[in-house]
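Asker: The structure that follows is given in the form of structure tokens.
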Amino acid sequence: MTSSGNQTQFTSSNARAALFIAHPGHELLVHGWVELAKPLVFVLTDGSGRTNQSRLESTTEILNQTRAKRGRIYGRLTDRAAYAAILDREFDLFIRLAKDLAEAFVAERIDYVAGDAAEGCSPTHDICRLIINAAVKIAYQRTGQAVANFEFALVRAPDADRAALHPDDIWLQLDESGYAEKHHSKL
């Protein structure tokens with residue numbers, strides 16, 4: 001995960017983590033970290049895409065397996081509703097989501113958040129990143145306590161930026177058993 005700005009390293013098991021992702025399934029990209037950090041997990045959409053079939057159940061299973069907890073934003077929008085809100089420029093909806101996420105950060109005393117990177121390939125992924133960035137700023141304005149902000153790539157290869165890692169970035173390399181568990185969770 002790469003950081004946006006100077007961040008403190010969060011290797012302590014006492015650090016309170018959050019994960020905010022656009023769609024169910026994105027947690028698989030950081031499965032090893034989810035197992036270690038047991039973050040409070042927020043999911044913007046239900047992952048229904050064109051099928052209108054929610055994919056939240058698979059994410060819920062992974063959260064149960066890893067003992068991570070669901071946040072108050074959990075599949076709040078269908079994929080179609082998210083795209084329609086973007087096209088219709090429903091800024092108030094996204095502002096409310098950022099405020100709600102910030103409130104959760106404050107209430108849960110979150111130390112750091114990880115989430116989808118803005119890569120220009122999916123408007124919902126990019127909106128997810130904007131919501132996280134806004135929520136981090138709102139939480140700081142309310143409390144004076146910074147929430148460290150990390151992102152992970154969804155489209156580009158995970159190790160594409162490894163040479164450009166910043167000293168505050170976190171890189172987890174799964175061992176064979178961790179990779180097998182991640183692979184098994186996808187089934």
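Residues are referred to by chain and number: the chain letter is A, B, ... according to the order shown in the structure tokens, the number counts from 1 in that chain, and ligands are numbered separately from 1 in the order shown.
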Each residue of range 32-115 of chain A with at least one atom at most 7 Å from range 13-19 of chain A should appear once, together with its nearest atom pair and the corresponding distance in Å (one decimal); atoms considered: only C-alpha atoms; ordering: chain, then increasing residue number; output as a tab-separated table.
Answerer:
```
residue	atom	partner	partner_atom	distance
A:Ala37	CA	A:Ala17	CA	6.4
A:Pro39	CA	A:Ala17	CA	4.6
A:Leu40	CA	A:Ala18	CA	4.5
A:Val41	CA	A:Leu19	CA	4.7
A:Phe42	CA	A:Leu19	CA	6.0
A:Arg109	CA	A:Arg16	CA	6.9
A:Ile110	CA	A:Arg16	CA	4.9
A:Asp111	CA	A:Arg16	CA	5.1
A:Tyr112	CA	A:Ala17	CA	5.1
A:Val113	CA	A:Ala18	CA	4.5
A:Ala114	CA	A:Leu19	CA	4.9
A:Gly115	CA	A:Leu19	CA	5.6
```
Asker: Okay, now the selection with N, CA, C and O atoms, as an mmCIF file, in the first residue's frame?
Answerer:
```cif
data_model
loop_
_atom_site.group_PDB
_atom_site.id
_atom_site.type_symbol
_atom_site.label_atom_id
_atom_site.label_comp_id
_atom_site.auth_asym_id
_atom_site.auth_seq_id
_atom_site.Cartn_x
_atom_site.Cartn_y
_atom_site.Cartn_z
ATOM 1 N N ALA A 37 -4.395 -6.896 10.203
ATOM 2 C CA ALA A 37 -4.896 -5.654 10.800
ATOM 3 C C ALA A 37 -6.318 -5.764 11.336
ATOM 4 O O ALA A 37 -6.714 -4.994 12.197
ATOM 5 N N PRO A 39 -9.209 -4.833 9.997
ATOM 6 C CA PRO A 39 -9.755 -3.472 9.913
ATOM 7 C C PRO A 39 -11.276 -3.431 9.992
ATOM 8 O O PRO A 39 -11.957 -4.440 9.798
ATOM 9 N N LEU A 40 -11.773 -2.255 10.261
ATOM 10 C CA LEU A 40 -13.182 -1.953 10.104
ATOM 11 C C LEU A 40 -13.379 -1.736 8.605
ATOM 12 O O LEU A 40 -12.702 -0.897 8.019
ATOM 13 N N VAL A 41 -14.266 -2.503 7.969
ATOM 14 C CA VAL A 41 -14.359 -2.519 6.512
ATOM 15 C C VAL A 41 -15.622 -1.826 6.023
ATOM 16 O O VAL A 41 -16.735 -2.145 6.458
ATOM 17 N N PHE A 42 -15.409 -0.904 5.107
ATOM 18 C CA PHE A 42 -16.488 -0.159 4.458
ATOM 19 C C PHE A 42 -16.475 -0.510 2.978
ATOM 20 O O PHE A 42 -15.414 -0.540 2.362
ATOM 21 N N ARG A 109 -12.013 5.754 16.537
ATOM 22 C CA ARG A 109 -10.619 6.152 16.791
ATOM 23 C C ARG A 109 -9.658 5.474 15.811
ATOM 24 O O ARG A 109 -8.647 4.886 16.196
ATOM 25 N N ILE A 110 -9.986 5.574 14.529
ATOM 26 C CA ILE A 110 -9.192 4.954 13.476
ATOM 27 C C ILE A 110 -7.861 5.698 13.342
ATOM 28 O O ILE A 110 -7.826 6.920 13.260
ATOM 29 N N ASP A 111 -6.766 4.939 13.309
ATOM 30 C CA ASP A 111 -5.429 5.499 13.139
ATOM 31 C C ASP A 111 -5.045 5.624 11.670
ATOM 32 O O ASP A 111 -4.334 6.549 11.290
ATOM 33 N N TYR A 112 -5.487 4.654 10.868
ATOM 34 C CA TYR A 112 -5.154 4.700 9.444
ATOM 35 C C TYR A 112 -6.197 3.972 8.613
ATOM 36 O O TYR A 112 -6.892 3.091 9.111
ATOM 37 N N VAL A 113 -6.285 4.398 7.370
ATOM 38 C CA VAL A 113 -7.231 3.819 6.420
ATOM 39 C C VAL A 113 -6.472 3.407 5.161
ATOM 40 O O VAL A 113 -5.527 4.078 4.749
ATOM 41 N N ALA A 114 -6.886 2.321 4.573
ATOM 42 C CA ALA A 114 -6.386 1.883 3.273
ATOM 43 C C ALA A 114 -7.587 1.768 2.352
ATOM 44 O O ALA A 114 -8.696 1.451 2.796
ATOM 45 N N GLY A 115 -7.357 2.027 1.072
ATOM 46 C CA GLY A 115 -8.466 1.921 0.135
ATOM 47 C C GLY A 115 -8.005 1.970 -1.301
ATOM 48 O O GLY A 115 -6.816 2.119 -1.600
#
```
Asker: Rank nothing, just name the residue among A:Arg142, A:Arg72, A:Arg89, A:Arg156 nearest to Gly120 in chain A, using only C-alpha atoms.
Answerer: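 When distances to Gly120 in chain A are compared using only C-alpha atoms, the smallest one comes from A:Arg156.
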Asker: Counting only C-alpha atoms, what is within 12 Å of Asp100 in chain A, bar same-chain residues fewer than 2 positions away, as number ranges by chain?
Answerer: A: 42, 44, 71-74, 76, 93-98, 102-107, 131-132, 134-136, 138-139
Asker: When you draw a straight line from CA of Cys128 in chain A to CA of Glu61 in chain A, how long is it in Å?
Answerer: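 Interatomic distance here is 22.1 Å.
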Asker: CA of Gly75 in chain A to CA of Ile21 in chain A: how many Å, to one decimal?
Answerer: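 Interatomic distance, CA of Gly75 in chain A to CA of Ile21 in chain A: 9.9 Å.
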Asker: Do you have the CA of Gln141 in chain A-CA of Glu108 in chain A distance handy?
Answerer: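 Between CA of Gln141 in chain A and CA of Glu108 in chain A the gap works out to 16.0 Å.
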Asker: Mind checking which residues fall within 7 Å of Ala117 in chain A, counting only C-alpha atoms, ignoring those fewer than 2 positions away in the same chain, and posting them as a PyMOL selection string?
Answerer: chain A and resi 115+119+125-126+129+151-154
Asker: Point out the residue among A:Ala85, A:Val43, A:Leu28, A:Ala118 with the least atom-to-atom distance to Arg70 in chain A, counting only C-alpha atoms.
Answerer: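 Of A:Ala85, A:Val43, A:Leu28, A:Ala118, the one nearest Arg70 in chain A is A:Val43, counting only C-alpha atoms.
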Asker: I'd like to know which residues of range 13-75 of chain A are alpha helix (DSSP H) (by DSSP, run on the backbone); could you write them as a PyMOL selection string?
Answerer: chain A and resi 31-37+56-66
